[in-house]
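Undergrad: Sharing model-v4.cif below, mmCIF, C-alpha atoms:
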data_entry
loop_
_atom_site.label_atom_id
_atom_site.label_comp_id
_atom_site.auth_asym_id
_atom_site.auth_seq_id
_atom_site.Cartn_x
_atom_site.Cartn_y
_atom_site.Cartn_z
CA MET A 1 109.46 76.44 118.42
CA LEU A 2 105.76 75.86 119.10
CA GLU A 3 104.16 75.56 122.52
CA ASN A 4 102.96 72.27 123.91
CA HIS A 5 99.27 72.35 123.02
CA LYS A 6 96.93 69.48 122.21
CA ASP A 7 95.78 71.07 118.95
CA LEU A 8 99.39 71.46 117.79
CA GLU A 9 100.43 67.91 118.59
CA LYS A 10 99.45 66.56 115.15
CA TYR A 11 101.96 68.88 113.46
CA THR A 12 105.63 68.01 113.10
CA VAL A 13 107.68 71.17 112.65
CA LEU A 14 110.28 70.61 109.93
CA PHE A 15 112.10 73.94 110.02
CA GLN A 16 111.65 77.69 110.28
CA VAL A 17 111.05 79.33 106.90
CA GLY A 18 110.78 82.97 107.89
CA ASP A 19 110.62 85.54 110.61
CA GLY A 20 109.09 88.95 110.77
CA GLN A 21 108.14 91.83 112.96
CA TYR A 22 105.19 89.95 114.43
CA GLY A 23 106.25 86.33 114.51
CA ASN A 24 108.03 83.32 113.05
CA VAL A 25 106.78 81.07 110.26
CA TYR A 26 107.41 77.32 110.27
CA LYS A 27 107.04 74.61 107.66
CA ALA A 28 105.27 71.67 109.28
CA LEU A 29 103.74 68.32 108.41
CA ASP A 30 100.18 67.42 109.34
CA ARG A 31 100.77 63.79 110.32
CA LYS A 32 97.08 62.95 110.06
CA THR A 33 96.60 64.11 106.46
CA GLY A 34 100.18 64.06 105.19
CA PHE A 35 99.80 67.67 103.97
CA LEU A 36 102.44 70.34 104.43
CA VAL A 37 101.32 73.48 106.22
CA ALA A 38 102.77 76.84 107.21
CA ILE A 39 102.38 77.84 110.85
CA LYS A 40 102.76 81.51 111.75
CA ALA A 41 103.37 81.92 115.48
CA ILE A 42 102.50 85.40 116.76
CA ASP A 43 103.59 86.29 120.28
CA LYS A 44 100.78 88.33 121.84
CA ARG A 45 102.92 89.53 124.73
CA GLY A 46 103.71 93.21 124.41
CA LYS A 47 101.33 93.73 121.49
CA SER A 48 98.94 96.67 121.54
CA VAL A 49 95.18 96.32 121.28
CA ASP A 50 95.34 97.72 117.72
CA GLU A 51 98.01 95.18 116.70
CA LEU A 52 95.97 92.29 118.08
CA ARG A 53 92.87 93.62 116.34
CA THR A 54 94.84 93.56 113.07
CA PHE A 55 95.76 89.90 113.55
CA TYR A 56 92.17 88.88 114.28
CA SER A 57 90.96 90.85 111.27
CA GLU A 58 93.48 89.11 109.00
CA ILE A 59 92.36 85.69 110.27
CA LYS A 60 88.71 86.53 109.65
CA LEU A 61 89.48 87.71 106.12
CA LEU A 62 91.61 84.69 105.23
CA ASP A 63 88.85 82.41 106.49
CA SER A 64 86.35 84.07 104.13
CA PHE A 65 88.44 83.58 100.96
CA ARG A 66 88.35 80.41 98.89
CA HIS A 67 90.34 81.00 95.73
CA PRO A 68 93.36 79.33 94.07
CA ASN A 69 95.22 82.66 93.91
CA ILE A 70 94.78 83.51 97.61
CA VAL A 71 96.67 81.71 100.38
CA GLN A 72 94.24 79.32 102.06
CA LEU A 73 93.65 79.40 105.82
CA ILE A 74 93.31 75.94 107.35
CA LYS A 75 92.68 76.90 110.96
CA TYR A 76 93.89 79.15 113.73
CA LEU A 77 94.61 78.49 117.38
CA GLU A 78 95.01 80.81 120.32
CA THR A 79 96.73 80.25 123.65
CA LYS A 80 97.42 82.61 126.52
CA ASP A 81 100.59 83.95 124.87
CA PHE A 82 100.36 83.06 121.17
CA ILE A 83 98.16 83.16 118.09
CA TYR A 84 98.88 80.42 115.54
CA ILE A 85 97.74 80.95 111.96
CA ILE A 86 97.90 77.70 109.99
CA THR A 87 97.71 77.96 106.20
CA GLU A 88 98.48 75.81 103.20
CA PHE A 89 102.22 75.55 102.60
CA CYS A 90 103.15 77.10 99.27
CA ASN A 91 106.41 75.90 97.77
CA CYS A 92 106.96 79.35 96.31
CA ASP A 93 109.32 82.28 96.15
CA LEU A 94 108.31 85.82 97.00
CA LEU A 95 107.67 87.64 93.74
CA ASP A 96 110.18 90.35 94.67
CA TYR A 97 112.91 87.68 94.96
CA VAL A 98 112.08 86.48 91.44
CA ILE A 99 112.31 90.08 90.20
CA LYS A 100 115.73 90.59 91.79
CA LYS A 101 116.97 87.29 90.38
CA ASP A 102 115.65 87.58 86.81
CA GLU A 103 115.58 91.40 86.45
CA TYR A 104 112.49 91.38 84.22
CA LEU A 105 109.89 89.09 82.65
CA LYS A 106 108.52 88.90 79.13
CA ALA A 107 105.16 90.47 78.34
CA GLU A 108 103.50 87.06 78.07
CA GLU A 109 104.71 86.21 81.59
CA VAL A 110 103.48 89.57 82.86
CA ARG A 111 100.09 88.77 81.33
CA THR A 112 99.93 85.37 83.04
CA ILE A 113 100.71 86.94 86.41
CA ALA A 114 98.30 89.83 85.79
CA LEU A 115 95.41 87.47 85.03
CA GLN A 116 95.96 85.56 88.27
CA LEU A 117 96.34 88.70 90.39
CA ILE A 118 93.19 90.15 88.86
CA SER A 119 91.31 86.90 89.49
CA GLY A 120 92.31 86.89 93.17
CA LEU A 121 91.74 90.62 93.58
CA MET A 122 88.27 90.30 92.08
CA VAL A 123 87.29 87.89 94.86
CA ILE A 124 88.84 90.16 97.50
CA HIS A 125 86.85 93.17 96.28
CA TYR A 126 83.70 91.06 95.78
CA LYS A 127 83.96 90.11 99.45
CA GLY A 128 83.93 93.81 100.27
CA VAL A 129 87.61 94.21 101.10
CA ILE A 130 90.44 96.51 99.92
CA HIS A 131 93.79 94.72 100.26
CA HIS A 132 95.60 98.03 100.89
CA ASP A 133 99.14 96.57 100.77
CA LEU A 134 99.56 94.78 97.45
CA LYS A 135 103.27 94.54 96.69
CA SER A 136 105.72 92.01 95.28
CA ARG A 137 106.68 90.86 98.80
CA ASN A 138 103.04 89.94 99.49
CA ILE A 139 102.76 87.74 96.40
CA LEU A 140 104.04 84.19 96.13
CA LEU A 141 105.08 82.66 92.80
CA GLY A 142 105.35 78.88 92.50
CA SER A 143 107.59 76.92 90.16
CA ASP A 144 104.41 76.02 88.25
CA GLY A 145 103.72 79.73 87.65
CA LYS A 146 100.81 79.85 90.11
CA ILE A 147 100.37 83.10 92.03
CA LYS A 148 99.18 83.39 95.65
CA ILE A 149 98.20 86.68 97.29
CA CYS A 150 98.96 86.84 101.01
CA ASP A 151 99.25 89.18 104.01
CA PHE A 152 95.95 90.93 104.68
CA GLY A 153 97.20 92.76 107.77
CA LEU A 154 96.34 96.24 106.42
CA SER A 155 93.14 95.27 104.61
CA ILE A 156 90.02 97.34 105.24
CA PRO A 157 86.32 96.90 104.42
CA LEU A 158 84.96 98.43 101.24
CA LYS A 159 82.13 100.83 102.00
CA ASN A 160 78.66 100.25 100.57
CA ASN A 161 78.24 101.07 96.87
CA ASN A 162 82.04 101.47 96.54
CA GLU A 163 81.79 104.71 98.51
CA GLU A 164 85.17 106.33 99.12
CA THR A 165 87.05 106.11 102.42
CA TYR A 166 88.95 108.99 103.99
CA VAL A 167 92.62 108.66 104.97
CA ASP A 168 92.99 108.91 108.73
CA LYS A 169 96.40 107.31 109.15
CA LEU A 170 99.09 106.75 106.50
CA LYS A 171 99.52 102.98 106.11
CA GLY A 172 101.18 100.87 103.44
CA THR A 173 104.49 100.42 101.62
CA PRO A 174 105.48 103.76 100.02
CA PRO A 175 106.63 102.64 96.51
CA TYR A 176 103.29 100.82 96.01
CA MET A 177 100.99 103.45 97.54
CA ALA A 178 98.54 105.38 95.39
CA PRO A 179 98.86 109.20 95.21
CA GLU A 180 95.55 109.79 96.98
CA LEU A 181 96.90 108.07 100.11
CA PHE A 182 99.83 110.50 100.31
CA SER A 183 97.54 113.44 99.56
CA LYS A 184 95.27 112.33 102.41
CA LYS A 185 92.31 112.47 100.07
CA SER A 186 89.42 110.04 100.00
CA TYR A 187 90.20 106.73 98.34
CA SER A 188 88.48 103.63 97.01
CA TYR A 189 89.27 100.10 95.80
CA LYS A 190 91.31 101.76 93.04
CA ILE A 191 94.30 102.04 95.38
CA ASP A 192 94.68 98.30 94.73
CA PHE A 193 94.62 98.98 90.98
CA TRP A 194 97.49 101.45 91.37
CA SER A 195 99.48 98.85 93.35
CA LEU A 196 98.73 96.27 90.66
CA GLY A 197 100.15 98.65 88.05
CA VAL A 198 103.31 99.17 90.12
CA ILE A 199 103.83 95.41 90.52
CA LEU A 200 103.34 94.67 86.81
CA TYR A 201 105.65 97.55 85.81
CA GLU A 202 108.22 96.22 88.29
CA ILE A 203 108.22 92.67 86.91
CA PHE A 204 108.43 93.87 83.30
CA VAL A 205 111.04 96.62 83.70
CA GLY A 206 112.96 95.11 86.62
CA LYS A 207 112.61 98.14 88.88
CA LEU A 208 109.92 100.23 90.55
CA PRO A 209 108.34 103.15 88.65
CA PHE A 210 108.85 105.42 91.68
CA ASP A 211 111.61 104.73 94.19
CA GLY A 212 113.94 106.56 96.54
CA ASP A 213 115.99 106.25 99.71
CA SER A 214 113.28 107.74 101.94
CA ALA A 215 109.50 107.66 102.17
CA GLU A 216 109.40 111.43 101.60
CA LYS A 217 111.39 111.20 98.34
CA ILE A 218 109.14 108.39 97.13
CA ARG A 219 106.03 110.39 98.05
CA LYS A 220 107.30 113.40 96.11
CA LYS A 221 108.03 111.31 93.01
CA ILE A 222 104.65 109.59 93.09
CA LEU A 223 102.82 112.91 93.38
CA GLU A 224 104.92 114.91 90.91
CA ASN A 225 106.84 112.69 88.47
CA GLU A 226 105.57 110.93 85.37
CA VAL A 227 106.19 107.23 84.74
CA VAL A 228 109.37 106.60 82.72
CA TRP A 229 108.68 103.92 80.11
CA PRO A 230 111.30 101.59 78.61
CA LYS A 231 112.25 102.33 74.99
CA VAL A 232 110.64 99.12 73.80
CA ILE A 233 107.38 97.97 75.36
CA PRO A 234 104.38 96.31 73.67
CA THR A 235 101.74 98.96 72.97
CA GLN A 236 98.90 97.14 74.73
CA LEU A 237 100.97 96.48 77.84
CA LYS A 238 102.00 100.14 78.06
CA ASP A 239 98.38 101.24 77.68
CA PHE A 240 97.26 98.75 80.34
CA LEU A 241 99.88 99.93 82.84
CA ASN A 242 99.30 103.58 82.02
CA LYS A 243 95.58 103.22 82.77
CA LEU A 244 96.39 101.64 86.14
CA LEU A 245 99.00 104.27 87.03
CA GLN A 246 96.83 107.35 86.59
CA LYS A 247 97.50 109.79 89.44
CA ASN A 248 93.85 110.83 89.55
CA GLN A 249 91.93 107.80 90.79
CA ASN A 250 88.91 108.83 88.72
CA ASP A 251 91.01 108.37 85.58
CA ARG A 252 92.03 104.82 86.51
CA MET A 253 90.22 101.91 84.94
CA SER A 254 87.02 100.57 86.47
CA TRP A 255 86.61 96.84 87.03
CA GLU A 256 84.69 96.53 83.77
CA GLU A 257 87.41 98.34 81.81
CA LEU A 258 90.14 96.33 83.53
CA VAL A 259 88.82 92.86 82.76
CA ASN A 260 88.05 93.82 79.16
CA HIS A 261 91.38 95.45 78.35
CA PRO A 262 92.90 93.96 75.15
CA PHE A 263 96.31 93.35 76.80
CA LEU A 264 94.79 90.50 78.80
CA PHE A 265 93.74 88.73 75.60
CA SER A 266 96.68 89.55 73.32
CA GLU A 267 100.01 87.83 72.71
CA GLU A 268 103.43 89.44 72.49
CA THR A 269 104.97 88.92 69.06
CA GLU A 270 108.39 87.38 68.62
CA GLU A 271 109.55 90.64 67.03
CA GLU A 272 108.47 92.69 70.05
CA MET A 273 110.12 90.27 72.45
CA LEU A 274 113.44 90.27 70.57
CA LEU A 275 113.44 94.04 70.21
CA ARG A 276 112.91 94.58 73.92
CA GLU A 277 115.43 91.96 75.00
CA SER A 278 118.07 93.59 72.79
CA GLU A 279 117.73 96.72 74.95
CA TYR A 280 119.07 94.81 77.96
CA GLN A 281 122.05 93.19 76.27
#
What does this structure look like when you write it as structure tokens?

TA:
Amino acid sequence: MLENHKDLEKYTVLFQVGDGQYGNVYKALDRKTGFLVAIKAIDKRGKSVDELRTFYSEIKLLDSFRHPNIVQLIKYLETKDFIYIITEFCNCDLLDYVIKKDEYLKAEEVRTIALQLISGLMVIHYKGVIHHDLKSRNILLGSDGKIKICDFGLSIPLKNNNEETYVDKLKGTPPYMAPELFSKKSYSYKIDFWSLGVILYEIFVGKLPFDGDSAEKIRKKILENEVVWPKVIPTQLKDFLNKLLQKNQNDRMSWEELVNHPFLFSEETEEEMLLRESEYQ
């Protein structure tokens, strides 16, 4: 539970909703406003300087974002032993849970999710930040279909004029990591585009484009294997994903090409939908 602290007194903790490597997350009620909040309690004891720097960086980033598709920071508190990050409470499921439950989504649902992710990602990049760990477990999906991007623990600043950054330490979640990260080459904001492509492939097909039982096997597949496409996939969706999943980052879409791609403005036909669904029956 939470410490006794005057700034935490106005919150009534309802129950714990999650736990992780760095702390527990609680659903709580702000008695003053009547709003539900999520309180992440991070125990500072035993944490390294680098780990603490990561937490402070995430707080600073969250505080700079104001967008409906990014989890909203309300405030943060710090005591001798704990950091408390208080955000809006999202009555959502993790996107990866939805994938495991439903196996795959229709192209029109993929489009709806893509538009929201792109909208949130545009603000993140505009603020001069690379998310660096976009994955289905860092995306919340509400019952109303609204998407929320969260977890900025690995985010890094974009260099001036979109200049590339050099890999010094391998960080991220292997199935979602762009080839240039494994190759230890320079990289840019386009690593987020690769991750976006992986996520959208995953929610359409029901599995990751590159997976394995070890990070090394995943790395090898990402660097050497081609994407395997389902037998039936709308042409514009396939083209959109293919242009995100280019192994050479210079061949991936730019922001201008991304937001103007016809998939984002098209509609899946009933014939295409029925044909694809028949493949899974």

Undergrad: Which of these, A:Phe210, A:Phe204, A:Tyr11, A:Phe240, has the shortest distance to Thr173 (chain A) once you count only C-alpha atoms?

TA: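 Checking each candidate against Thr173 (chain A), we get A:Phe210 as the closest.
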
Undergrad: Which of these residues is nearest to Gly120 (chain A), using all atoms listed in the file: A:Lys100, A:Arg137, A:Arg66, A:His5?

TA: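 That would be A:Arg66, the residue with the smallest distance to Gly120 (chain A).
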
Undergrad: Which residues would end up in the selection if the PyMOL selection byres ((chain A and resi 55) around 12) were applied here, given that I need the answer as a ChimeraX atom specification?

TA: /A:22-23,40-44,47-54,56-62,76,78,82-85,151-155

Undergrad: Evaluate the PyMOL selection byres ((chain A and resi 27) around 7) on the structure here and hand back the selected residues as a ChimeraX atom specification.

TA: /A:13-17,25-26,28,37-39

Undergrad: Would you mind listing what lies within 8 Å of Leu134 (chain A) as a list of chain:residue names, with all atoms listed in the file counted and same-chain residues fewer than 4 positions away left out?

TA: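 These residues fall inside the cut-off: A:Asn138, A:Ile139, A:Tyr176, A:Asp192, A:Ser195, A:Leu196.
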
Undergrad: Any idea what's packed within 8 Å of Leu264 (chain A), counting only C-alpha atoms, ignoring anything in its chain fewer than 2 positions away? Could you give it as a PyMOL selection string?

TA: chain A and resi 111+114-115+259-262+266

Undergrad: Record the distance separating CA of Lys10 (chain A) and CA of Leu77 (chain A), expressed in Å with one decimal.

TA: 13.1 Å

Undergrad: Go through A:Asp81, A:Asp7, A:Ile70, A:Leu121 one by one, measure the shortest atom-to-atom distance of each to Arg45 (chain A) using only C-alpha atoms, and give the residue with the smallest value.

TA: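 Among A:Asp81, A:Asp7, A:Ile70, A:Leu121, it is A:Asp81 that comes nearest to Arg45 (chain A).
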
Undergrad: Please enumerate the residues selected by the PyMOL selection byres ((chain A and resi 171) around 12) when evaluated against the supplied file, formatted as an MDAnalysis selection string.

TA: chainID A and resid 131:134 153:156 167:170 172:178 181:182 184 191 215

Undergrad: Applying 6 Å and all atoms listed in the file, which residues near region 241-249 of chain A remain after dropping the ones on its own chain fewer than 2 positions away? List them as a CSV table (one decimal) with C-alpha atoms, in the coordinates of the input.

TA:
chain,number,residue,atom,x,y,z
A,179,PRO,CA,98.9,109.2,95.2
A,193,PHE,CA,94.6,99.0,91.0
A,194,TRP,CA,97.5,101.4,91.4
A,197,GLY,CA,100.2,98.6,88.0
A,238,LYS,CA,102.0,100.1,78.1
A,239,ASP,CA,98.4,101.2,77.7
A,251,ASP,CA,91.0,108.4,85.6
A,252,ARG,CA,92.0,104.8,86.5
A,253,MET,CA,90.2,101.9,84.9

Undergrad: Using all atoms listed in the file, which of the listed residues (A:Ser143, A:Ser136, A:Asn250, A:Ser214) sits closest to Ile199 (chain A)?

TA: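 Under the stated criterion, the closest residue is A:Ser136.
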
Undergrad: Between CA of Asn4 (chain A) and CA of Gly34 (chain A), what is the spacing in Å?

TA: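 Value for the CA of Gly34 (chain A)-CA of Asn4 (chain A) distance: 20.6 Å.
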
Undergrad: Report, in Å to a single decimal, how far apart CA of Ile233 (chain A) and CA of Leu105 (chain A) are.

TA: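 Calculated distance between CA of Leu105 (chain A) and CA of Ile233 (chain A) is 11.8 Å.
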
Undergrad: Which of these, A:Asp96, A:Asp30, A:Glu9, A:Asp63, has the shortest distance to Gly206 (chain A) once you count only C-alpha atoms?

TA: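 Result for the nearest residue to Gly206 (chain A): A:Asp96.
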
Undergrad: Choose the residue, out of A:Lys146, A:Glu3, A:Lys221, A:Lys135, that has the smallest atom-to-atom separation from Lys80 (chain A); count only C-alpha atoms.

TA: A:Glu3

Undergrad: If I wrap all listed atoms of region 31-43 of chain A in a box with edges along x, y and z and add 5 Å on each side, what are its centre and edge lengths in Å to one decimal, as AutoDock Vina command-line options?

TA:
--center_x 100.1 --center_y 74.6 --center_z 112.1 --size_x 17.0 --size_y 33.3 --size_z 26.3

Undergrad: Got a sec: who's within 10 Å of Leu141 (chain A), counting only C-alpha atoms, leaving out chain neighbours fewer than 2 positions off, as a PDB file with C-alpha atoms, in the frame of the given file?

TA:
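Result file follows (out.pdb):
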ATOM      1  CA  ASN A  69      95.220  82.660  93.910  1.00  0.00           C
ATOM      2  CA  CYS A  90     103.150  77.100  99.270  1.00  0.00           C
ATOM      3  CA  ASN A  91     106.410  75.900  97.770  1.00  0.00           C
ATOM      4  CA  CYS A  92     106.960  79.350  96.310  1.00  0.00           C
ATOM      5  CA  ASP A  93     109.320  82.280  96.150  1.00  0.00           C
ATOM      6  CA  LEU A  94     108.310  85.820  97.000  1.00  0.00           C
ATOM      7  CA  LEU A  95     107.670  87.640  93.740  1.00  0.00           C
ATOM      8  CA  ASP A  96     110.180  90.350  94.670  1.00  0.00           C
ATOM      9  CA  TYR A  97     112.910  87.680  94.960  1.00  0.00           C
ATOM     10  CA  VAL A  98     112.080  86.480  91.440  1.00  0.00           C
ATOM     11  CA  ILE A 113     100.710  86.940  86.410  1.00  0.00           C
ATOM     12  CA  SER A 136     105.720  92.010  95.280  1.00  0.00           C
ATOM     13  CA  ILE A 139     102.760  87.740  96.400  1.00  0.00           C
ATOM     14  CA  SER A 143     107.590  76.920  90.160  1.00  0.00           C
ATOM     15  CA  ASP A 144     104.410  76.020  88.250  1.00  0.00           C
ATOM     16  CA  GLY A 145     103.720  79.730  87.650  1.00  0.00           C
ATOM     17  CA  LYS A 146     100.810  79.850  90.110  1.00  0.00           C
ATOM     18  CA  ILE A 147     100.370  83.100  92.030  1.00  0.00           C
ATOM     19  CA  LYS A 148      99.180  83.390  95.650  1.00  0.00           C
ATOM     20  CA  ILE A 149      98.200  86.680  97.290  1.00  0.00           C
TER      21      ILE A 149
END
